[in-house]
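**Student:** Input structure: target_19.txt, which contains compact mmCIF, C-alpha atoms.
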```txt
# COMPACT_ATOMS: atom_id res chain seq x y z
CA MET E 1 -10.99 -38.93 25.54
CA SER E 2 -13.95 -38.34 23.21
CA GLU E 3 -14.62 -34.85 21.96
CA LEU E 4 -17.17 -32.89 23.98
CA SER E 5 -20.29 -31.49 22.33
CA ASP E 6 -20.79 -27.74 22.01
CA GLU E 7 -23.40 -27.80 24.79
CA GLU E 8 -21.01 -29.60 27.13
CA LEU E 9 -18.21 -27.18 26.29
CA LEU E 10 -20.45 -24.18 26.93
CA ALA E 11 -21.67 -25.64 30.22
CA LEU E 12 -18.07 -26.13 31.32
CA PHE E 13 -17.18 -22.63 30.19
CA ARG E 14 -19.93 -21.09 32.32
CA GLU E 15 -18.37 -22.61 35.44
CA ALA E 16 -15.62 -20.30 36.63
CA SER E 17 -13.50 -23.19 37.86
CA SER E 18 -13.46 -24.98 34.48
CA ARG E 19 -13.58 -21.98 32.18
CA HIS E 20 -9.96 -22.13 31.01
CA TYR E 21 -10.11 -25.88 30.55
CA ALA E 22 -13.29 -25.61 28.45
CA PHE E 23 -11.79 -22.86 26.35
CA ASN E 24 -8.69 -24.93 25.72
CA LEU E 25 -10.87 -27.79 24.49
CA LEU E 26 -12.86 -25.44 22.31
CA VAL E 27 -9.70 -24.08 20.66
CA ARG E 28 -8.49 -27.63 20.04
CA LYS E 29 -11.84 -28.59 18.53
CA TYR E 30 -12.14 -25.78 16.00
CA GLN E 31 -8.64 -24.44 15.38
CA GLN E 32 -7.87 -26.52 12.28
CA ARG E 33 -11.11 -25.77 10.43
CA LEU E 34 -10.87 -22.08 11.18
CA TYR E 35 -7.17 -22.03 10.33
CA GLY E 36 -7.90 -23.54 6.90
CA SER E 37 -10.56 -20.93 6.11
CA ILE E 38 -8.41 -18.03 7.24
CA ARG E 39 -5.31 -19.33 5.44
CA ARG E 40 -7.26 -19.46 2.16
CA MET E 41 -8.05 -15.79 2.67
CA VAL E 42 -4.74 -14.38 3.91
CA THR E 43 -2.30 -17.00 2.46
CA ASP E 44 0.61 -16.41 4.84
CA HIS E 45 0.96 -18.71 7.86
CA ASP E 46 2.12 -16.07 10.36
CA GLU E 47 -0.67 -13.72 9.38
CA THR E 48 -3.15 -16.58 9.60
CA LYS E 49 -1.92 -17.28 13.11
CA ASP E 50 -2.40 -13.63 14.11
CA VAL E 51 -5.94 -13.58 12.74
CA LEU E 52 -6.78 -16.90 14.39
CA GLN E 53 -5.51 -15.62 17.74
CA ASN E 54 -7.74 -12.56 17.42
CA VAL E 55 -10.69 -14.80 16.61
CA PHE E 56 -10.26 -16.83 19.77
CA ILE E 57 -9.58 -13.79 21.94
CA LYS E 58 -12.86 -12.29 20.72
CA ALA E 59 -14.55 -15.62 21.23
CA TRP E 60 -13.39 -15.67 24.86
CA THR E 61 -15.05 -12.33 25.49
CA GLY E 62 -18.18 -13.16 23.50
CA LEU E 63 -18.70 -16.64 24.93
CA GLU E 64 -19.80 -15.14 28.25
CA THR E 65 -22.89 -13.79 26.51
CA PHE E 66 -23.22 -16.46 23.82
CA ARG E 67 -26.78 -17.77 24.10
CA GLY E 68 -26.46 -20.67 21.71
CA ASP E 69 -29.00 -19.33 19.23
CA ALA E 70 -26.51 -20.12 16.47
CA GLN E 71 -24.22 -23.12 16.25
CA LEU E 72 -20.90 -22.53 17.92
CA TYR E 73 -18.88 -23.16 14.76
CA SER E 74 -21.09 -20.80 12.69
CA TRP E 75 -20.56 -18.13 15.31
CA LEU E 76 -16.79 -18.69 15.36
CA TYR E 77 -16.72 -18.76 11.57
CA ARG E 78 -18.49 -15.41 11.43
CA ILE E 79 -15.85 -13.91 13.72
CA ALA E 80 -13.11 -15.46 11.55
CA HIS E 81 -14.69 -14.07 8.39
CA ASN E 82 -14.86 -10.54 9.81
CA GLU E 83 -11.34 -10.71 11.21
CA SER E 84 -9.94 -11.96 7.88
CA ILE E 85 -11.57 -9.15 5.92
CA THR E 86 -10.41 -6.58 8.45
CA HIS E 87 -6.87 -7.99 8.22
CA ILE E 88 -6.80 -7.88 4.40
CA LYS E 89 -8.13 -4.32 4.33
CA ARG E 90 -5.60 -3.27 6.96
CA MET E 91 -2.79 -4.81 4.92
CA LYS E 92 -3.93 -2.96 1.82
CA ARG E 93 -4.21 0.30 3.74
CA GLY E 94 -0.63 0.05 5.02
CA ILE E 95 1.24 3.27 4.36
CA PHE E 96 4.30 1.55 2.94
CA THR E 97 2.48 -1.40 1.41
CA SER E 98 1.25 -1.10 -2.15
CA ASP E 99 -0.95 -3.81 -3.64
CA GLU E 100 1.97 -4.96 -5.77
CA ALA E 101 4.33 -5.19 -2.81
CA MET E 102 1.78 -7.20 -0.89
CA MET E 103 1.23 -9.52 -3.86
CA ASP E 104 4.98 -9.98 -4.26
CA ARG E 105 5.35 -10.91 -0.63
CA LEU E 106 2.47 -13.39 -0.72
CA THR E 107 3.67 -14.81 -4.02
CA SER E 108 7.06 -15.51 -2.51
CA THR E 109 5.23 -17.27 0.32
CA LEU E 110 3.50 -19.47 -2.23
CA ASP E 111 6.74 -20.13 -4.05
CA SER E 112 8.37 -21.31 -0.87
CA SER E 113 7.96 -25.08 -0.77
CA GLU E 114 7.86 -25.07 3.02
CA HIS E 115 4.55 -23.14 2.90
CA PHE E 116 2.83 -24.48 -0.18
CA SER E 117 2.69 -28.04 -1.49
CA GLY E 118 0.41 -27.48 -4.50
CA ASP E 119 1.46 -27.77 -8.12
CA LEU E 120 1.74 -24.91 -10.60
CA ILE E 121 -1.91 -24.64 -11.42
CA LEU E 122 -2.89 -24.52 -7.74
CA LYS E 123 -0.34 -21.78 -7.17
CA LYS E 124 -1.83 -19.93 -10.07
CA LEU E 125 -5.28 -20.38 -8.61
CA GLN E 126 -4.20 -19.09 -5.20
CA ARG E 127 -2.52 -16.08 -6.80
CA ALA E 128 -5.73 -15.35 -8.65
CA VAL E 129 -7.71 -15.62 -5.40
CA MET E 130 -5.32 -13.16 -3.75
CA ARG E 131 -6.03 -10.62 -6.46
CA LEU E 132 -9.75 -10.52 -5.67
CA PRO E 133 -11.11 -7.75 -3.44
CA ALA E 134 -11.47 -8.82 0.20
CA LYS E 135 -15.23 -9.47 0.25
CA GLN E 136 -15.25 -11.18 -3.14
CA ARG E 137 -12.35 -13.31 -1.98
CA ALA E 138 -14.35 -14.34 1.08
CA VAL E 139 -17.39 -15.25 -1.02
CA PHE E 140 -15.25 -17.26 -3.43
CA THR E 141 -13.47 -19.09 -0.60
CA MET E 142 -16.69 -20.00 1.16
CA LYS E 143 -18.42 -21.23 -1.97
CA TYR E 144 -15.64 -22.78 -4.02
CA PHE E 145 -13.34 -24.27 -1.39
CA GLU E 146 -15.69 -24.84 1.53
CA GLU E 147 -18.80 -25.57 -0.56
CA MET E 148 -21.08 -23.66 1.78
CA LYS E 149 -24.71 -23.06 0.89
CA TYR E 150 -25.67 -19.52 -0.06
CA GLU E 151 -28.05 -19.36 2.92
CA GLU E 152 -25.22 -20.17 5.33
CA MET E 153 -22.99 -17.64 3.60
CA SER E 154 -25.76 -15.08 3.93
CA GLN E 155 -25.88 -15.64 7.68
CA VAL E 156 -22.12 -15.28 7.98
CA THR E 157 -21.73 -12.20 5.78
CA GLY E 158 -25.08 -10.48 6.36
CA THR E 159 -25.44 -10.15 2.59
CA SER E 160 -28.44 -11.24 0.55
CA VAL E 161 -28.33 -14.55 -1.34
CA GLY E 162 -28.80 -12.73 -4.65
CA ALA E 163 -25.86 -10.44 -4.01
CA LEU E 164 -23.70 -13.41 -2.98
CA LYS E 165 -24.57 -15.31 -6.17
CA ALA E 166 -23.68 -12.30 -8.27
CA SER E 167 -20.42 -11.78 -6.37
CA TYR E 168 -19.45 -15.44 -6.75
CA HIS E 169 -20.25 -15.40 -10.46
CA VAL E 170 -18.05 -12.35 -11.02
CA ALA E 171 -15.23 -13.89 -8.95
CA THR E 172 -15.28 -17.19 -10.89
CA ARG E 173 -15.25 -15.37 -14.24
CA LYS E 174 -12.25 -13.30 -13.16
CA ILE E 175 -10.33 -16.31 -11.85
CA GLU E 176 -11.11 -18.40 -14.92
CA GLU E 177 -9.68 -15.62 -17.03
CA TRP E 178 -6.58 -15.22 -14.89
CA ILE E 179 -5.74 -18.93 -14.78
CA THR E 180 -6.35 -19.63 -18.46
CA ARG E 181 -4.93 -16.58 -20.20
CA PRO E 182 -1.33 -17.39 -21.19
CA GLY E 183 1.29 -14.96 -19.99
CA HIS E 184 -1.21 -13.18 -17.76
CA ASP E 185 0.56 -14.16 -14.60
CA PRO E 186 4.07 -12.66 -14.45
CA ALA E 187 5.17 -15.36 -12.03
CA GLU E 188 4.36 -17.99 -14.62
CA ALA E 189 7.07 -16.68 -16.93
CA ASP E 190 9.66 -17.44 -14.26
CA GLN E 191 8.43 -20.99 -13.92
CA THR E 192 8.32 -21.85 -17.63
CA MET G 1 -33.15 -26.74 -13.87
CA ASN G 2 -32.64 -26.28 -10.14
CA ASP G 3 -28.94 -26.06 -9.22
CA PRO G 4 -28.66 -25.07 -5.56
CA THR G 5 -24.91 -25.75 -5.37
CA GLY G 6 -24.13 -23.79 -8.53
CA THR G 7 -22.03 -26.69 -9.87
CA ASP G 8 -23.57 -26.64 -13.33
CA ASP G 9 -23.18 -22.90 -13.52
CA LEU G 10 -19.49 -23.17 -12.58
CA LYS G 11 -18.95 -25.97 -15.11
CA ARG G 12 -20.44 -23.79 -17.82
CA SER G 13 -18.88 -20.42 -16.97
CA ALA G 14 -15.48 -21.52 -15.62
CA PRO G 15 -14.59 -25.00 -16.93
CA THR G 16 -10.90 -24.81 -15.99
CA LEU G 17 -11.67 -23.73 -12.45
CA PHE G 18 -14.30 -26.47 -12.22
CA SER G 19 -11.79 -29.14 -13.23
CA LEU G 20 -9.16 -28.19 -10.62
CA PRO G 21 -8.63 -30.38 -7.55
CA LYS G 22 -9.73 -28.77 -4.29
CA GLY G 23 -7.18 -30.24 -1.90
CA ASP G 24 -5.55 -28.04 0.72
CA PRO G 25 -2.10 -27.14 -0.63
CA PHE G 26 -1.04 -25.04 2.37
CA VAL G 27 1.65 -26.40 4.65
CA VAL G 28 1.24 -25.90 8.39
CA PRO G 29 4.43 -25.93 10.51
CA GLU G 30 4.81 -29.15 12.43
CA GLY G 31 3.36 -29.11 15.93
CA PHE G 32 1.56 -25.82 15.34
CA PHE G 33 -1.84 -27.12 16.42
CA ASP G 34 -0.35 -28.59 19.59
CA ARG G 35 1.23 -25.29 20.62
CA PHE G 36 -1.48 -22.92 19.48
CA PRO G 37 -4.10 -23.61 22.22
CA HIS G 38 -1.50 -22.83 24.90
CA GLU G 39 -0.47 -19.62 23.16
CA VAL G 40 -4.07 -18.48 22.92
CA GLN G 41 -4.68 -19.41 26.53
CA HIS G 42 -1.68 -17.33 27.55
CA LEU G 43 -2.91 -14.32 25.54
CA VAL G 44 -6.43 -14.62 26.90
CA THR G 45 -5.17 -14.81 30.47
CA ALA G 46 -3.00 -11.72 29.95
CA LYS G 47 -5.83 -9.75 28.32
CA HIS G 48 -8.35 -10.94 30.86
CA GLY G 49 -6.15 -9.69 33.69
CA HIS G 50 -6.04 -6.19 32.17
CA GLY G 51 -9.73 -6.48 31.50
CA ASN G 52 -10.48 -6.94 35.19
CA VAL G 53 -8.64 -3.76 36.17
CA TRP G 54 -10.24 -1.82 33.34
CA SER G 55 -13.72 -3.14 34.15
CA ALA G 56 -13.29 -2.26 37.82
CA TRP G 57 -12.17 1.26 36.90
CA LYS G 58 -15.13 1.69 34.54
CA ARG G 59 -17.56 0.49 37.20
CA PHE G 60 -16.06 3.00 39.64
CA ALA G 61 -16.30 5.82 37.05
CA TYR G 62 -19.97 5.07 36.41
CA ALA G 63 -20.75 4.83 40.13
CA LEU G 64 -18.98 8.06 41.08
CA PRO G 65 -21.77 10.52 40.04
CA VAL G 66 -24.38 8.39 41.81
CA ILE G 67 -22.30 8.30 44.99
CA ALA G 68 -21.83 12.09 44.77
CA LEU G 69 -25.58 12.68 44.42
CA LEU G 70 -26.36 10.38 47.35
CA GLY G 71 -23.74 12.14 49.47
CA LEU G 72 -25.19 15.54 48.61
CA GLY G 73 -28.68 14.35 49.51
CA LEU G 74 -27.43 13.01 52.81
CA TRP G 75 -25.65 16.27 53.57
CA TRP G 76 -28.83 18.24 52.94
CA ALA G 77 -30.76 15.88 55.16
CA ILE G 78 -28.29 16.36 58.02
CA HIS G 79 -27.93 20.16 57.57
CA PRO G 80 -31.46 21.66 57.31
CA VAL G 81 -31.98 24.88 55.37
CA GLU G 82 -31.03 27.95 57.47
CA GLU G 83 -33.39 30.85 58.36
CA PRO G 84 -33.45 33.63 55.79
CA GLY G 85 -30.89 36.36 56.43
CA PRO G 86 -31.47 40.07 56.89
CA LEU G 87 -31.40 40.66 53.14
CA ALA G 88 -34.35 38.42 52.54
CA MET G 89 -37.63 40.21 51.81
CA PRO G 90 -40.29 39.69 54.47
CA ALA G 91 -43.60 38.45 53.29
CA ALA G 92 -45.47 41.66 52.62
CA ALA G 93 -49.08 42.07 53.63
CA PRO G 94 -50.11 45.26 51.85
CA PHE G 95 -53.08 47.17 53.16
CA THR G 96 -55.96 48.16 50.92
CA ASP G 97 -57.23 51.75 50.99
CA GLY G 98 -60.30 50.61 52.94
CA GLU G 99 -58.19 48.92 55.59
CA LEU G 100 -55.99 52.00 55.93
CA ASP G 101 -59.07 54.16 56.44
CA GLN G 102 -60.11 51.97 59.36
CA LEU G 103 -56.74 52.26 61.12
CA GLY G 104 -56.40 54.68 63.95
CA ASP G 105 -53.77 57.46 64.05
CA ASP G 106 -51.46 55.56 66.40
CA GLU G 107 -51.54 52.52 64.21
CA LEU G 108 -50.83 54.60 61.09
CA LEU G 109 -47.93 56.26 62.86
CA ALA G 110 -46.54 52.88 63.89
CA LEU G 111 -46.78 51.70 60.30
CA SER G 112 -45.10 54.80 58.92
CA GLU G 113 -42.12 54.26 61.24
CA ASP G 114 -41.41 51.00 59.38
CA VAL G 115 -41.08 52.86 56.12
CA THR G 116 -37.55 53.95 55.47
CA PRO G 117 -37.51 57.34 53.76
CA LEU G 118 -35.48 57.74 50.64
CA ALA G 119 -32.27 59.64 51.18
CA ASP G 120 -32.72 61.87 48.12
CA PRO G 121 -36.19 62.03 46.50
CA ALA G 122 -34.65 63.39 43.34
CA GLU G 123 -32.89 60.09 42.73
CA ALA G 124 -36.15 58.15 43.08
CA ILE G 125 -37.76 59.97 40.11
CA GLY G 126 -34.72 59.90 37.92
CA TYR G 127 -33.69 63.50 38.46
CA VAL G 128 -30.89 64.65 36.21
CA ASP G 129 -28.84 67.71 37.15
CA ILE G 130 -28.52 69.65 33.91
CA GLN G 131 -25.99 72.48 33.95
CA LEU G 132 -26.92 75.19 31.38
CA ASN G 133 -25.18 78.50 30.79
CA ASP G 134 -27.15 81.73 30.30
CA ASP G 135 -27.23 81.58 26.51
CA GLU G 136 -28.48 77.99 26.49
CA LEU G 137 -31.10 78.85 29.07
CA MET G 138 -32.37 81.82 27.03
CA ALA G 139 -32.48 79.71 23.88
CA TYR G 140 -34.51 77.04 25.71
CA LEU G 141 -37.01 79.59 27.07
CA GLU G 142 -37.45 81.24 23.67
CA SER G 143 -38.02 77.94 21.91
CA ASN G 144 -40.76 77.09 24.46
CA GLY G 145 -42.34 80.56 24.26
CA ALA G 146 -41.90 81.27 27.95
CA ASP G 147 -41.89 84.82 29.29
CA ILE G 148 -38.84 85.36 31.46
CA ASN G 149 -40.46 88.16 33.41
CA GLU G 150 -43.45 86.03 34.24
CA LEU G 151 -41.19 83.24 35.44
CA ILE G 152 -39.26 85.62 37.66
CA ALA G 153 -42.52 86.96 39.08
CA THR G 154 -43.71 83.42 39.80
CA GLU G 155 -40.45 82.56 41.51
```
Turn this file's structure into structure tokens for me.
**Tutor:**
Amino acid sequence: MSELSDEELLALFREASSRHYAFNLLVRKYQQRLYGSIRRMVTDHDETKDVLQNVFIKAWTGLETFRGDAQLYSWLYRIAHNESITHIKRMKRGIFTSDEAMMDRLTSTLDSSEHFSGDLILKKLQRAVMRLPAKQRAVFTMKYFEEMKYEEMSQVTGTSVGALKASYHVATRKIEEWITRPGHDPAEADQT
Amino acid sequence: MNDPTGTDDLKRSAPTLFSLPKGDPFVVPEGFFDRFPHEVQHLVTAKHGHGNVWSAWKRFAYALPVIALLGLGLWWAIHPVEEPGPLAMPAAAPFTDGELDQLGDDELLALSEDVTPLADPAEAIGYVDIQLNDDELMAYLESNGADINELIATE
């Protein structure tokens, strides 16, 4: 069966009898793209799953009033962006979770071959991304990995294009430093 | 030069980062994307069920004051306001001096019967019963320059 367009999905969703069916199709259509974006931000699979669930639960509620002014994926992406940032901040605020403890846990996730297939330099890159503050991490992920335009990013984040450019520039400088400076990454010593 | 994607800028400021491959290195458990839609559907159904009860309760809570006001209005409509009781003040129609002059004696007498006399006139003017002994009384009279003999004669 061919994939339904956003308009067709929304029309089905508005009918009470086909609402659950339409929502199921919508989740199937966008889950992988959203999962990839969230996973880049939060790294861990189980946490990514939690965030993605929250995104779709919020989407279910919001779809009743969704007017279609924005594209469906942009709207879902904005929810995913906000949920990811909220999740990262919540993790950092945890009473028993220091930044170091959180980094250690996520680093062990990266080191586990069942969760990460990249080589050493990609692990190093992901570790560097995890060290960025939540909003800077989001900007870096959108621009570097997903190659979004600044105007799109501005719509998602509600931040000006100028501020986004500055944030991205700072993030790339930091990451370049972290991935090139020898001995900067403690995990690297274990590998070499 | 115009560089909307920022590629040149990245190449210049972060050459190592620029040279890295951008593939997705994260591993997703097998079958995850087959199971996930059902899991979300289950969660949504569970939350939506609670949502219905909560929404119904909220609607009832908002409607309650309106229902109470309507009920009160209806009650007032069914039970008209009662006649004023004996404590209520009658609408007074005071007479002017000219009107009183034109009244005959019988009419004046009839009017005066409606007036309830005060039980103790002293209370009406704020009378205070001051108890003074002889010395205090003499001191008061001297300070006011009164002649005691003259007062006795007047009495």
**Student:** Hey, which of E:Arg173, E:Gly68, E:Lys143, E:Gln136 ends up closest to G:Arg12? Count all atoms listed in the file.
**Tutor:**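 Under the stated criterion, the closest residue is E:Arg173.
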**Student:** Chain G residues within 9 Å of chain E, counting only C-alpha atoms: which ones, as a PDB file with C-alpha atoms, in the coordinates of the input?
**Tutor:**
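To be explicit, this is the file written out as selection.pdb:
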```pdb
ATOM      1  CA  PRO G   4     -28.660 -25.070  -5.560  1.00  0.00           C
ATOM      2  CA  THR G   5     -24.910 -25.750  -5.370  1.00  0.00           C
ATOM      3  CA  GLY G   6     -24.130 -23.790  -8.530  1.00  0.00           C
ATOM      4  CA  ASP G   9     -23.180 -22.900 -13.520  1.00  0.00           C
ATOM      5  CA  LEU G  10     -19.490 -23.170 -12.580  1.00  0.00           C
ATOM      6  CA  SER G  13     -18.880 -20.420 -16.970  1.00  0.00           C
ATOM      7  CA  ALA G  14     -15.480 -21.520 -15.620  1.00  0.00           C
ATOM      8  CA  PRO G  15     -14.590 -25.000 -16.930  1.00  0.00           C
ATOM      9  CA  THR G  16     -10.900 -24.810 -15.990  1.00  0.00           C
ATOM     10  CA  LEU G  17     -11.670 -23.730 -12.450  1.00  0.00           C
ATOM     11  CA  LEU G  20      -9.160 -28.190 -10.620  1.00  0.00           C
ATOM     12  CA  PRO G  21      -8.630 -30.380  -7.550  1.00  0.00           C
ATOM     13  CA  LYS G  22      -9.730 -28.770  -4.290  1.00  0.00           C
ATOM     14  CA  GLY G  23      -7.180 -30.240  -1.900  1.00  0.00           C
ATOM     15  CA  ASP G  24      -5.550 -28.040   0.720  1.00  0.00           C
ATOM     16  CA  PRO G  25      -2.100 -27.140  -0.630  1.00  0.00           C
ATOM     17  CA  PHE G  26      -1.040 -25.040   2.370  1.00  0.00           C
ATOM     18  CA  VAL G  27       1.650 -26.400   4.650  1.00  0.00           C
ATOM     19  CA  VAL G  28       1.240 -25.900   8.390  1.00  0.00           C
ATOM     20  CA  PRO G  29       4.430 -25.930  10.510  1.00  0.00           C
ATOM     21  CA  PHE G  33      -1.840 -27.120  16.420  1.00  0.00           C
ATOM     22  CA  ASP G  34      -0.350 -28.590  19.590  1.00  0.00           C
ATOM     23  CA  PHE G  36      -1.480 -22.920  19.480  1.00  0.00           C
ATOM     24  CA  PRO G  37      -4.100 -23.610  22.220  1.00  0.00           C
ATOM     25  CA  HIS G  38      -1.500 -22.830  24.900  1.00  0.00           C
ATOM     26  CA  GLU G  39      -0.470 -19.620  23.160  1.00  0.00           C
ATOM     27  CA  VAL G  40      -4.070 -18.480  22.920  1.00  0.00           C
ATOM     28  CA  GLN G  41      -4.680 -19.410  26.530  1.00  0.00           C
ATOM     29  CA  LEU G  43      -2.910 -14.320  25.540  1.00  0.00           C
ATOM     30  CA  VAL G  44      -6.430 -14.620  26.900  1.00  0.00           C
ATOM     31  CA  THR G  45      -5.170 -14.810  30.470  1.00  0.00           C
ATOM     32  CA  LYS G  47      -5.830  -9.750  28.320  1.00  0.00           C
ATOM     33  CA  HIS G  48      -8.350 -10.940  30.860  1.00  0.00           C
TER      34      HIS G  48
END
```
**Student:** For E:Val129, work out the shell of residues within 9 Å, counting only C-alpha atoms and skipping chain neighbours fewer than 2 positions away, then give it as a list in words.
**Tutor:**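 Close residues of E:Val129: Arg40, Met41, Lys124, Leu125, Gln126, Arg127, Arg131, Leu132, Pro133, Arg137, Phe140, Thr141, Ala171 and Ile175 of chain E.
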**Student:** Between E:Leu34, E:Val161, E:Met102, E:Ala70, single out the one closest to E:Met130, counting only C-alpha atoms.
**Tutor:**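 Ranking E:Leu34, E:Val161, E:Met102, E:Ala70 by distance to E:Met130, first place goes to E:Met102.
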**Student:** Please report the interatomic distance between atom CA of E:Glu7 and atom CA of E:Gln71 in Å with one decimal.
**Tutor:**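 Straight-line distance from atom CA of E:Glu7 to atom CA of E:Gln71 works out to 9.8 Å.
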**Student:** Could you tell me how far atom CA of E:Met153 sits from atom CA of E:Ser84, in Å to one decimal place?
**Tutor:**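 That distance, rounded to one decimal, is 14.9 Å.
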**Student:** If I take atom CA of E:Tyr73 and atom CA of E:Val170, how far is one from the other in Å, to one decimal?
**Tutor:**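 Calculated distance between atom CA of E:Tyr73 and atom CA of E:Val170 is 28.0 Å.
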**Student:** Please enclose the listed atoms of stretch 133-141 of chain G in an axis-aligned box, pad each side by 8 Å, and write out the centre and the three edge lengths in Å, rounded to one decimal, as JSON.
**Tutor:**
```
{"center_x": -31.1, "center_y": 79.4, "center_z": 27.3, "size_x": 27.8, "size_y": 20.8, "size_z": 22.9}
```
**Student:** Ranking E:Leu76, E:Val42, E:Ala128, E:Met91 by minimum distance to E:Arg181 and counting only C-alpha atoms, which one comes first?
**Tutor:**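 Between E:Leu76, E:Val42, E:Ala128, E:Met91, the residue approaching E:Arg181 most closely is E:Ala128.
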